[in-house]
file coords36.cif (mmCIF, C-alpha atoms)
data_final
#
loop_
_atom_site.label_atom_id
_atom_site.label_comp_id
_atom_site.auth_asym_id
_atom_site.auth_seq_id
_atom_site.Cartn_x
_atom_site.Cartn_y
_atom_site.Cartn_z
CA MET C 1 2.22 -9.72 -6.70
CA LEU C 2 1.88 -6.50 -4.71
CA SER C 3 -1.03 -4.50 -6.04
CA GLU C 4 -1.53 -0.77 -5.70
CA PRO C 5 -3.71 -0.40 -2.59
CA ARG C 6 -6.50 2.15 -2.57
CA SER C 7 -5.11 3.38 0.73
CA GLY C 8 -1.83 4.11 -1.06
CA ARG C 9 -3.56 6.28 -3.65
CA LEU C 10 -5.56 8.10 -0.98
CA ALA C 11 -2.54 8.76 1.23
CA SER C 12 -0.23 9.70 -1.63
CA TRP C 13 -2.55 12.15 -3.36
CA GLY C 14 -4.08 13.29 -0.08
CA ASN C 15 -0.62 14.28 1.13
CA ALA C 16 -0.01 16.19 -2.09
CA LEU C 17 -3.34 17.98 -1.66
CA ILE C 18 -2.60 18.86 1.97
CA ALA C 19 0.77 20.28 0.88
CA GLY C 20 -0.89 22.38 -1.83
CA LEU C 21 0.95 20.58 -4.65
CA VAL C 22 -2.15 19.43 -6.54
CA SER C 23 -5.70 20.68 -6.96
CA PRO C 24 -8.64 18.97 -5.24
CA ASP C 25 -10.01 17.83 -8.61
CA ASP C 26 -6.70 16.25 -9.66
CA ALA C 27 -6.28 14.55 -6.29
CA VAL C 28 -9.77 13.05 -6.34
CA LEU C 29 -9.38 11.89 -9.94
CA ALA C 30 -6.15 10.07 -9.06
CA ILE C 31 -7.57 8.54 -5.87
CA VAL C 32 -10.72 7.20 -7.53
CA GLY C 33 -8.77 5.74 -10.46
CA GLU C 34 -10.86 3.17 -12.30
CA ASP C 35 -13.51 2.95 -9.57
CA ALA C 36 -16.92 4.50 -10.14
CA VAL C 37 -17.14 6.60 -6.99
CA HIS C 38 -15.58 7.07 -3.55
CA ARG C 39 -17.51 8.41 -0.56
CA VAL C 40 -16.53 8.97 3.07
CA GLU C 41 -18.84 8.03 5.94
CA GLY C 42 -18.52 9.24 9.52
CA VAL C 43 -16.79 12.54 8.82
CA PRO C 44 -17.18 14.72 11.95
CA GLY C 45 -20.02 17.16 11.46
CA GLU C 46 -21.61 15.22 8.60
CA SER C 47 -24.68 13.00 9.06
CA ALA C 48 -24.35 11.28 5.67
CA PRO C 49 -21.53 10.09 3.41
CA VAL C 50 -19.72 12.91 1.59
CA GLY C 51 -17.36 13.20 -1.34
CA LEU C 52 -13.60 12.98 -1.08
CA THR C 53 -13.05 16.70 -1.62
CA LEU C 54 -15.23 17.70 1.31
CA ALA C 55 -13.91 14.87 3.51
CA LEU C 56 -10.24 15.66 2.95
CA GLY C 57 -10.90 19.36 3.44
CA ARG C 58 -12.74 18.70 6.70
CA LEU C 59 -10.00 16.42 8.01
CA ARG C 60 -7.41 19.06 7.22
CA THR C 61 -9.48 21.65 9.11
CA LEU C 62 -9.65 19.26 12.08
CA GLY C 63 -5.85 19.14 12.20
CA VAL C 64 -4.76 16.30 9.91
CA THR C 65 -1.39 17.33 8.47
CA GLY C 66 -0.49 14.07 6.74
CA LEU C 67 -1.73 10.61 5.83
CA ARG C 68 -0.03 7.27 6.45
CA VAL C 69 -0.80 3.81 5.03
CA ALA C 70 -1.38 0.60 6.96
CA LEU C 71 -1.34 -2.83 5.26
CA PRO C 72 -2.06 -5.28 8.08
CA MET C 73 -2.35 -9.05 7.86
CA PRO C 74 -3.16 -11.61 10.56
CA GLY C 75 -0.29 -11.58 13.03
CA HIS C 76 1.25 -8.48 11.47
CA PRO C 77 -0.45 -5.13 12.31
CA LEU C 78 1.74 -3.27 9.81
CA GLY C 79 1.22 0.49 10.08
CA LEU C 80 -1.49 0.38 12.75
CA SER C 81 -1.48 2.16 16.11
CA GLY C 82 -4.90 1.24 17.55
CA PRO C 83 -7.42 1.27 19.08
CA PRO C 84 -8.62 -2.36 18.72
CA GLU C 85 -11.84 -1.42 16.90
CA PHE C 86 -9.96 0.43 14.17
CA ASN C 87 -7.31 -2.28 13.95
CA ALA C 88 -9.97 -4.98 13.54
CA ARG C 89 -11.69 -3.15 10.70
CA ALA C 90 -8.37 -2.39 9.00
CA LEU C 91 -7.32 -6.02 9.30
CA GLU C 92 -10.60 -7.15 7.72
CA ALA C 93 -10.09 -4.73 4.82
CA GLY C 94 -6.37 -5.48 4.57
CA GLU C 95 -5.57 -1.78 4.45
CA ALA C 96 -6.27 1.61 6.00
CA VAL C 97 -5.20 5.24 6.04
CA VAL C 98 -4.11 6.78 9.35
CA GLY C 99 -4.12 10.53 9.88
CA HIS C 100 -1.12 12.37 11.30
CA GLY C 101 -1.71 15.49 13.40
CA ALA C 102 -5.26 14.52 14.39
CA ALA C 103 -6.60 11.14 15.54
CA PHE C 104 -8.65 10.05 12.54
CA GLY C 105 -8.33 7.05 10.25
CA LEU C 106 -10.07 5.75 7.13
CA VAL C 107 -10.91 2.14 6.28
CA PRO C 108 -12.28 1.25 2.81
CA GLN C 109 -15.33 -0.89 2.17
CA VAL C 110 -15.40 -2.02 -1.46
CA ARG C 111 -18.45 -3.35 -3.26
CA GLU C 112 -19.43 -4.11 -6.83
CA ALA C 113 -22.70 -2.86 -8.24
CA GLY C 114 -24.56 -3.03 -11.53
CA PRO C 115 -25.81 -5.76 -13.85
CA ALA C 116 -23.63 -8.50 -15.32
CA GLY C 117 -21.42 -7.06 -18.03
CA ASP C 118 -21.65 -3.57 -16.58
CA VAL C 119 -20.29 -4.00 -13.08
CA HIS C 120 -18.65 -1.01 -11.42
CA VAL C 121 -16.82 -0.59 -8.12
CA GLU C 122 -17.99 1.71 -5.36
CA VAL C 123 -15.86 2.50 -2.30
CA VAL C 124 -17.04 3.85 1.03
CA TRP C 125 -14.30 5.00 3.41
CA HIS C 126 -15.29 4.75 7.07
CA CYS C 127 -13.83 7.56 9.17
CA LEU C 128 -12.98 6.31 12.67
CA ALA C 129 -11.00 7.37 15.71
CA VAL C 130 -7.40 6.18 15.91
CA ARG C 131 -4.76 6.22 18.63
CA GLU C 132 -1.99 8.77 18.30
CA ALA C 133 1.07 6.54 18.51
CA PRO C 134 3.93 5.42 16.23
CA PRO C 135 2.73 2.99 13.53
CA ALA C 136 3.66 -0.66 14.02
CA ASP C 137 6.70 -2.14 12.25
CA VAL C 138 7.23 0.51 9.56
CA PRO C 139 10.90 0.89 8.54
CA SER C 140 12.59 4.00 7.21
CA LEU C 141 13.13 4.25 3.46
CA GLY C 142 16.81 3.43 3.88
CA GLU C 143 16.07 0.38 6.00
CA ALA C 144 13.38 -0.77 3.58
CA GLU C 145 15.71 -0.50 0.60
CA ARG C 146 18.45 -2.50 2.30
CA GLU C 147 16.02 -5.16 3.53
CA LEU C 148 14.48 -5.52 0.07
CA ALA C 149 17.82 -5.98 -1.64
CA GLU C 150 18.82 -8.68 0.84
CA ALA C 151 15.43 -10.41 0.66
CA LEU C 152 15.57 -10.42 -3.13
CA ARG C 153 19.01 -12.05 -3.13
CA GLU C 154 18.06 -14.69 -0.58
CA ALA C 155 14.76 -15.56 -2.22
CA THR C 156 16.32 -15.78 -5.67
CA GLU C 157 18.98 -18.18 -4.42
CA VAL C 158 16.45 -20.45 -2.70
CA LEU C 159 13.92 -20.41 -5.52
CA THR C 160 16.58 -21.03 -8.17
CA ARG C 161 17.84 -24.00 -6.17
CA LEU C 162 14.27 -25.33 -6.07
CA ASP C 163 13.80 -24.58 -9.78
CA VAL C 164 10.77 -22.37 -9.22
CA ALA C 165 12.17 -18.93 -9.93
CA GLY C 166 9.92 -18.62 -12.97
CA SER C 167 10.41 -19.49 -16.59
CA GLY C 168 8.47 -19.97 -19.79
CA PRO C 169 5.92 -17.79 -21.58
CA VAL C 170 3.64 -17.26 -18.58
CA ALA C 171 6.48 -15.90 -16.46
CA GLU C 172 7.78 -13.78 -19.34
CA ALA C 173 4.34 -12.26 -19.87
CA ALA C 174 4.04 -11.47 -16.16
CA ILE C 175 7.46 -9.81 -16.10
CA GLU C 176 6.59 -7.72 -19.16
CA ALA C 177 3.35 -6.67 -17.47
CA TYR C 178 5.35 -5.62 -14.42
CA ARG C 179 7.72 -3.55 -16.55
CA ALA C 180 4.79 -1.76 -18.18
CA ARG C 181 3.29 -0.99 -14.77
CA ALA C 182 6.64 0.17 -13.45
CA GLU C 183 6.82 2.83 -16.14
CA SER C 184 3.34 4.15 -15.35
CA GLY C 185 3.97 3.54 -11.65
CA ARG C 186 6.17 6.62 -11.52
CA GLU C 187 2.93 8.61 -11.32
CA VAL C 188 1.42 6.48 -8.57
CA LEU C 189 3.29 8.47 -5.96
CA ALA C 190 1.97 12.00 -6.14
CA PRO C 191 4.09 15.16 -6.36
CA GLY C 192 6.17 15.83 -3.27
CA TYR C 193 7.56 12.33 -2.76
CA PRO C 194 11.34 11.84 -2.81
CA PRO C 195 12.88 9.85 -5.68
CA ARG C 196 14.03 7.23 -3.19
CA ALA C 197 10.40 6.50 -2.30
CA VAL C 198 9.62 5.79 -5.96
CA ARG C 199 12.69 3.52 -6.16
CA VAL C 200 11.70 1.60 -3.02
CA LEU C 201 8.11 1.18 -4.20
CA GLU C 202 9.26 -0.15 -7.58
CA LEU C 203 11.69 -2.57 -5.92
CA ALA C 204 8.94 -3.77 -3.59
CA ARG C 205 6.74 -4.50 -6.60
CA ARG C 206 9.57 -6.32 -8.34
CA VAL C 207 10.02 -8.51 -5.27
CA GLY C 208 6.26 -9.04 -5.16
CA THR C 209 6.35 -10.14 -8.79
CA LEU C 210 8.97 -12.78 -7.97
CA VAL C 211 6.84 -14.08 -5.11
CA SER C 212 3.76 -14.17 -7.34
CA LEU C 213 5.56 -16.01 -10.13
CA ALA C 214 6.93 -18.61 -7.73
CA GLY C 215 3.46 -19.20 -6.32
CA ALA C 216 1.78 -19.32 -9.72
CA ASN C 217 4.11 -21.92 -11.24
CA GLY C 218 2.75 -24.86 -9.29
CA HIS C 219 5.38 -26.99 -7.60
CA GLY C 220 8.00 -26.44 -10.30
CA GLY C 221 11.01 -28.56 -9.56
CA ALA C 222 10.13 -28.90 -5.87
CA VAL C 223 9.22 -32.57 -5.83
CA SER C 224 9.60 -33.33 -2.14
CA ALA C 225 7.63 -32.08 0.83
CA SER C 226 10.78 -30.61 2.35
CA GLU C 227 11.54 -28.63 -0.81
CA MET C 228 7.96 -27.33 -0.96
CA ALA C 229 8.20 -26.31 2.70
CA ALA C 230 11.52 -24.57 1.99
CA ARG C 231 9.90 -22.56 -0.79
CA GLY C 232 7.11 -21.46 1.54
CA GLU C 233 9.59 -20.50 4.23
CA ALA C 234 11.54 -18.45 1.69
CA LEU C 235 8.49 -16.60 0.37
CA ARG C 236 6.78 -15.65 3.63
CA PRO C 237 9.46 -13.29 4.97
CA VAL C 238 10.09 -11.90 1.48
CA GLU C 239 6.43 -10.96 1.02
CA ARG C 240 6.42 -9.42 4.49
CA THR C 241 9.52 -7.38 3.69
CA ALA C 242 7.96 -6.15 0.45
CA ARG C 243 4.80 -5.01 2.23
CA ARG C 244 6.85 -3.18 4.88
CA ALA C 245 8.77 -1.40 2.14
CA GLN C 246 5.55 -0.52 0.33
CA VAL C 247 4.21 1.16 3.47
CA ALA C 248 7.53 2.93 4.06
CA ALA C 249 7.38 4.42 0.57
CA TYR C 250 3.83 5.73 0.96
CA ASN C 251 4.57 7.09 4.45
CA SER C 252 7.89 8.74 3.60
CA VAL C 253 6.48 12.24 3.10
CA VAL C 254 4.99 12.29 6.59
CA GLU C 255 8.19 10.86 8.09
CA GLU C 256 10.27 13.56 6.39
CA ARG C 257 7.95 16.29 7.72
CA GLU C 258 8.29 14.86 11.22
CA ARG C 259 12.08 14.87 11.02
CA GLY C 260 12.06 18.43 9.72
CA ALA C 261 9.86 19.59 12.59
CA ARG C 262 12.22 18.23 15.27
#
call {"tool": "encode", "arguments": {"input": "coords36.cif", "output": "structure tokens"}}
result
Amino acid sequence: MLSEPRSGRLASWGNALIAGLVSPDDAVLAIVGEDAVHRVEGVPGESAPVGLTLALGRLRTLGVTGLRVALPMPGHPLGLSGPPEFNARALEAGEAVVGHGAAFGLVPQVREAGPAGDVHVEVVWHCLAVREAPPADVPSLGEAERELAEALREATEVLTRLDVAGSGPVAEAAIEAYRARAESGREVLAPGYPPRAVRVLELARRVGTLVSLAGANGHGGAVSASEMAARGEALRPVERTARRAQVAAYNSVVEERERGAR
């Protein structure tokens, strides 16, 4: 199931802050979410980690006009543009934020702290140099929506044939949980995002839910090795398509600004 990445919250609400659509306090509150604290290390001109408000303000002063998301996996540098050092750290974290307008990027380091029963999450974002180049393999919103619809149809057909599309109380509970998140998910994308971006992000999560349910239901009706292999082959490109769409949704504000500036 596709989760809400911290890089998505930072890019979404950071873009709204840069555009003057939300206050710094509201942006930071939304970015931190249920975590205890977020700090940023390596901000130019700062010798120690600083808070999000100062960091985002400094990056804006240095020329950052927008924030993009990267969700790389081994063999798929989705949303990255280099250099190798930044790509390697982003790949290890599984996510990153890449600045537009100035060559800076942010990679999260997440750690849990506190005694058993009172554990809280602390996040340090490492500010690093990035290469100013188009991000890898990110589709437009229109492309992402079309690809998701096709991937959903194909995966549903294959998984239904293998009897692993999801059924029973566990699947029903997971689908209900998705629906509840989808309602609140309308606020995940900050002010300034087009309705189509919200629609694409929700569809990506729905596809991710299908992938998660298929993987969580054991072998289902797939009793042969060939059927199990077919399920895996069906899920891999679907999950990849959903991640590409997720990045396209988060990055859509920056892409629209670029088109408007041409």
call {"tool": "closest_residue", "arguments": {"input": "coords36.cif", "among": "C:Ala133, C:Val37, C:Ala144, C:Ala55", "to": "Ser81 (chain C)", "atoms": "only C-alpha atoms"}}
result
C:Ala133
call {"tool": "closest_residue", "arguments": {"input": "coords36.cif", "among": "C:Arg199, C:Glu85, C:Gly42, C:Pro115", "to": "Cys127 (chain C)", "atoms": "only C-alpha atoms"}}
result
C:Gly42
call {"tool": "closest_residue", "arguments": {"input": "coords36.cif", "among": "C:Arg111, C:Arg244, C:Arg259, C:Arg153", "to": "Ala93 (chain C)", "atoms": "all atoms listed in the file"}}
result
C:Arg111
call {"tool": "resolve_selection", "arguments": {"input": "coords36.cif", "expression": "the PyMOL selection byres ((chain C and resi 7) around 8)", "output": "PyMOL selection string"}}
result
chain C and resi 5-6+8-11+69-70+95-97+108
call {"tool": "resolve_selection", "arguments": {"input": "coords36.cif", "expression": "the PyMOL selection byres ((chain C and resi 50) around 12)", "output": "short mmCIF file (atom, residue, chain, number, x, y, z; two decimals) with C-alpha atoms, in the coordinates of the input"}}
result
data_model
loop_
_atom_site.label_atom_id
_atom_site.label_comp_id
_atom_site.auth_asym_id
_atom_site.auth_seq_id
_atom_site.Cartn_x
_atom_site.Cartn_y
_atom_site.Cartn_z
CA VAL C 37 -17.14 6.60 -6.99
CA HIS C 38 -15.58 7.07 -3.55
CA ARG C 39 -17.51 8.41 -0.56
CA VAL C 40 -16.53 8.97 3.07
CA GLU C 41 -18.84 8.03 5.94
CA GLY C 42 -18.52 9.24 9.52
CA VAL C 43 -16.79 12.54 8.82
CA PRO C 44 -17.18 14.72 11.95
CA GLY C 45 -20.02 17.16 11.46
CA GLU C 46 -21.61 15.22 8.60
CA SER C 47 -24.68 13.00 9.06
CA ALA C 48 -24.35 11.28 5.67
CA PRO C 49 -21.53 10.09 3.41
CA GLY C 51 -17.36 13.20 -1.34
CA LEU C 52 -13.60 12.98 -1.08
CA THR C 53 -13.05 16.70 -1.62
CA LEU C 54 -15.23 17.70 1.31
CA ALA C 55 -13.91 14.87 3.51
CA LEU C 56 -10.24 15.66 2.95
CA GLY C 57 -10.90 19.36 3.44
CA ARG C 58 -12.74 18.70 6.70
CA VAL C 123 -15.86 2.50 -2.30
CA VAL C 124 -17.04 3.85 1.03
CA TRP C 125 -14.30 5.00 3.41
CA HIS C 126 -15.29 4.75 7.07
CA CYS C 127 -13.83 7.56 9.17
#
call {"tool": "atom_distance", "arguments": {"input": "coords36.cif", "atom1": "CA of Gly33 (chain C)", "atom2": "CA of Gly105 (chain C)"}}
result
20.8 Å
call {"tool": "resolve_selection", "arguments": {"input": "coords36.cif", "expression": "the PyMOL selection byres ((chain C and resi 207) around 9)", "output": "compact mmCIF listing (two decimals) with C-alpha atoms, keeping the file's coordinate frame"}}
result
# COMPACT_ATOMS: atom_id res chain seq x y z
CA MET C 1 2.22 -9.72 -6.70
CA LEU C 2 1.88 -6.50 -4.71
CA LEU C 148 14.48 -5.52 0.07
CA ALA C 149 17.82 -5.98 -1.64
CA ALA C 151 15.43 -10.41 0.66
CA LEU C 152 15.57 -10.42 -3.13
CA GLU C 202 9.26 -0.15 -7.58
CA LEU C 203 11.69 -2.57 -5.92
CA ALA C 204 8.94 -3.77 -3.59
CA ARG C 205 6.74 -4.50 -6.60
CA ARG C 206 9.57 -6.32 -8.34
CA GLY C 208 6.26 -9.04 -5.16
CA THR C 209 6.35 -10.14 -8.79
CA LEU C 210 8.97 -12.78 -7.97
CA VAL C 211 6.84 -14.08 -5.11
CA SER C 212 3.76 -14.17 -7.34
CA VAL C 238 10.09 -11.90 1.48
CA GLU C 239 6.43 -10.96 1.02
CA ALA C 242 7.96 -6.15 0.45
call {"tool": "axis_aligned_box", "arguments": {"input": "coords36.cif", "around": "region 47-63 of chain C", "padding_each_side": "4 Å", "output": "AutoDock Vina command-line options"}}
result
--center_x -15.3 --center_y 15.9 --center_z 5.3 --size_x 26.8 --size_y 19.6 --size_z 21.8
call {"tool": "residues_around", "arguments": {"input": "coords36.cif", "residues": "Ala102 (chain C)", "least_positions_apart": "4", "cutoff": "8 Å", "atoms": "only C-alpha atoms", "output": "JSON, numbers by chain"}}
result
{"C": [62, 63, 64, 65, 132]}
call {"tool": "closest_residue", "arguments": {"input": "coords36.cif", "among": "C:Met73, C:Ala116, C:Leu17, C:Ala248", "to": "Gly142 (chain C)", "atoms": "only C-alpha atoms"}}
result
C:Ala248
call {"tool": "atom_distance", "arguments": {"input": "coords36.cif", "atom1": "CA of Arg257 (chain C)", "atom2": "CA of Ser23 (chain C)"}}
result
20.5 Å
call {"tool": "closest_residue", "arguments": {"input": "coords36.cif", "among": "C:Ala129, C:Ala234, C:Leu141, C:Ala136", "to": "Gly75 (chain C)", "atoms": "all atoms listed in the file"}}
result
C:Ala136
call {"tool": "atom_distance", "arguments": {"input": "coords36.cif", "atom1": "CA of Val138 (chain C)", "atom2": "CA of Val254 (chain C)"}}
result
12.4 Å
call {"tool": "closest_residue", "arguments": {"input": "coords36.cif", "among": "C:Pro191, C:Pro139, C:Gly94, C:Gly99", "to": "Ala19 (chain C)", "atoms": "all atoms listed in the file"}}
result
C:Pro191
call {"tool": "build_atoms", "arguments": {"input": "coords36.cif", "residues": "region 118-129 of chain C", "atoms": "all heavy atoms", "output": "mmCIF file, keeping the file's coordinate frame"}}
result
data_model
loop_
_atom_site.group_PDB
_atom_site.id
_atom_site.type_symbol
_atom_site.label_atom_id
_atom_site.label_comp_id
_atom_site.auth_asym_id
_atom_site.auth_seq_id
_atom_site.Cartn_x
_atom_site.Cartn_y
_atom_site.Cartn_z
ATOM 1 N N ASP C 118 -21.787 -5.006 -16.807
ATOM 2 C CA ASP C 118 -21.650 -3.570 -16.580
ATOM 3 C C ASP C 118 -21.436 -3.300 -15.085
ATOM 4 O O ASP C 118 -22.054 -2.439 -14.484
ATOM 5 C CB ASP C 118 -22.893 -2.828 -17.078
ATOM 6 C CG ASP C 118 -22.708 -1.313 -17.067
ATOM 7 O OD1 ASP C 118 -21.554 -0.853 -17.159
ATOM 8 O OD2 ASP C 118 -23.716 -0.592 -16.934
ATOM 9 N N VAL C 119 -20.550 -4.101 -14.511
ATOM 10 C CA VAL C 119 -20.290 -4.000 -13.080
ATOM 11 C C VAL C 119 -19.295 -2.865 -12.820
ATOM 12 O O VAL C 119 -18.316 -2.713 -13.540
ATOM 13 C CB VAL C 119 -19.733 -5.324 -12.530
ATOM 14 C CG1 VAL C 119 -19.346 -5.182 -11.066
ATOM 15 C CG2 VAL C 119 -20.760 -6.437 -12.714
ATOM 16 N N HIS C 120 -19.574 -2.068 -11.802
ATOM 17 C CA HIS C 120 -18.650 -1.010 -11.420
ATOM 18 C C HIS C 120 -18.368 -1.109 -9.919
ATOM 19 O O HIS C 120 -19.106 -1.745 -9.168
ATOM 20 C CB HIS C 120 -19.202 0.373 -11.768
ATOM 21 C CG HIS C 120 -20.505 0.705 -11.090
ATOM 22 N ND1 HIS C 120 -21.725 0.322 -11.602
ATOM 23 C CD2 HIS C 120 -20.771 1.351 -9.927
ATOM 24 C CE1 HIS C 120 -22.695 0.741 -10.804
ATOM 25 N NE2 HIS C 120 -22.144 1.362 -9.776
ATOM 26 N N VAL C 121 -17.277 -0.491 -9.505
ATOM 27 C CA VAL C 121 -16.820 -0.590 -8.120
ATOM 28 C C VAL C 121 -17.117 0.716 -7.388
ATOM 29 O O VAL C 121 -16.791 1.802 -7.865
ATOM 30 C CB VAL C 121 -15.311 -0.889 -8.057
ATOM 31 C CG1 VAL C 121 -14.814 -0.857 -6.612
ATOM 32 C CG2 VAL C 121 -15.019 -2.239 -8.688
ATOM 33 N N GLU C 122 -17.731 0.578 -6.236
ATOM 34 C CA GLU C 122 -17.990 1.710 -5.360
ATOM 35 C C GLU C 122 -17.232 1.518 -4.049
ATOM 36 O O GLU C 122 -17.167 0.405 -3.539
ATOM 37 C CB GLU C 122 -19.497 1.833 -5.070
ATOM 38 C CG GLU C 122 -20.344 2.060 -6.315
ATOM 39 C CD GLU C 122 -21.829 2.103 -6.009
ATOM 40 O OE1 GLU C 122 -22.203 1.832 -4.832
ATOM 41 O OE2 GLU C 122 -22.613 2.410 -6.917
ATOM 42 N N VAL C 123 -16.656 2.582 -3.532
ATOM 43 C CA VAL C 123 -15.860 2.500 -2.300
ATOM 44 C C VAL C 123 -16.410 3.492 -1.282
ATOM 45 O O VAL C 123 -16.607 4.671 -1.590
ATOM 46 C CB VAL C 123 -14.378 2.818 -2.573
ATOM 47 C CG1 VAL C 123 -13.566 2.737 -1.276
ATOM 48 C CG2 VAL C 123 -13.807 1.865 -3.617
ATOM 49 N N VAL C 124 -16.665 2.991 -0.091
ATOM 50 C CA VAL C 124 -17.040 3.850 1.030
ATOM 51 C C VAL C 124 -15.915 3.779 2.061
ATOM 52 O O VAL C 124 -15.563 2.696 2.543
ATOM 53 C CB VAL C 124 -18.371 3.418 1.677
ATOM 54 C CG1 VAL C 124 -18.656 4.268 2.918
ATOM 55 C CG2 VAL C 124 -19.514 3.538 0.692
ATOM 56 N N TRP C 125 -15.332 4.909 2.375
ATOM 57 C CA TRP C 125 -14.300 5.000 3.410
ATOM 58 C C TRP C 125 -14.975 5.330 4.730
ATOM 59 O O TRP C 125 -15.722 6.310 4.823
ATOM 60 C CB TRP C 125 -13.285 6.085 3.065
ATOM 61 C CG TRP C 125 -12.465 5.803 1.853
ATOM 62 C CD1 TRP C 125 -12.777 6.119 0.553
ATOM 63 C CD2 TRP C 125 -11.198 5.150 1.802
ATOM 64 N NE1 TRP C 125 -11.784 5.701 -0.288
ATOM 65 C CE2 TRP C 125 -10.796 5.108 0.445
ATOM 66 C CE3 TRP C 125 -10.355 4.602 2.774
ATOM 67 C CZ2 TRP C 125 -9.591 4.536 0.047
ATOM 68 C CZ3 TRP C 125 -9.157 4.035 2.378
ATOM 69 C CH2 TRP C 125 -8.782 4.007 1.040
ATOM 70 N N HIS C 126 -14.721 4.518 5.748
ATOM 71 C CA HIS C 126 -15.290 4.750 7.070
ATOM 72 C C HIS C 126 -14.280 5.521 7.916
ATOM 73 O O HIS C 126 -13.163 5.051 8.149
ATOM 74 C CB HIS C 126 -15.660 3.435 7.739
ATOM 75 C CG HIS C 126 -16.722 2.675 7.008
ATOM 76 N ND1 HIS C 126 -18.070 2.897 7.198
ATOM 77 C CD2 HIS C 126 -16.639 1.721 6.057
ATOM 78 C CE1 HIS C 126 -18.772 2.104 6.407
ATOM 79 N NE2 HIS C 126 -17.919 1.379 5.697
ATOM 80 N N CYS C 127 -14.691 6.706 8.354
ATOM 81 C CA CYS C 127 -13.830 7.560 9.170
ATOM 82 C C CYS C 127 -14.026 7.188 10.640
ATOM 83 O O CYS C 127 -15.139 7.246 11.166
ATOM 84 C CB CYS C 127 -14.186 9.031 8.939
ATOM 85 S SG CYS C 127 -13.104 10.191 9.799
ATOM 86 N N LEU C 128 -12.935 6.801 11.299
ATOM 87 C CA LEU C 128 -12.980 6.310 12.670
ATOM 88 C C LEU C 128 -11.871 6.952 13.503
ATOM 89 O O LEU C 128 -10.900 7.496 12.958
ATOM 90 C CB LEU C 128 -12.812 4.790 12.693
ATOM 91 C CG LEU C 128 -13.804 3.959 11.874
ATOM 92 C CD1 LEU C 128 -13.271 2.551 11.694
ATOM 93 C CD2 LEU C 128 -15.168 3.936 12.550
ATOM 94 N N ALA C 129 -12.036 6.867 14.812
ATOM 95 C CA ALA C 129 -11.000 7.370 15.710
ATOM 96 C C ALA C 129 -9.800 6.427 15.724
ATOM 97 O O ALA C 129 -9.958 5.208 15.649
ATOM 98 C CB ALA C 129 -11.551 7.513 17.123
#
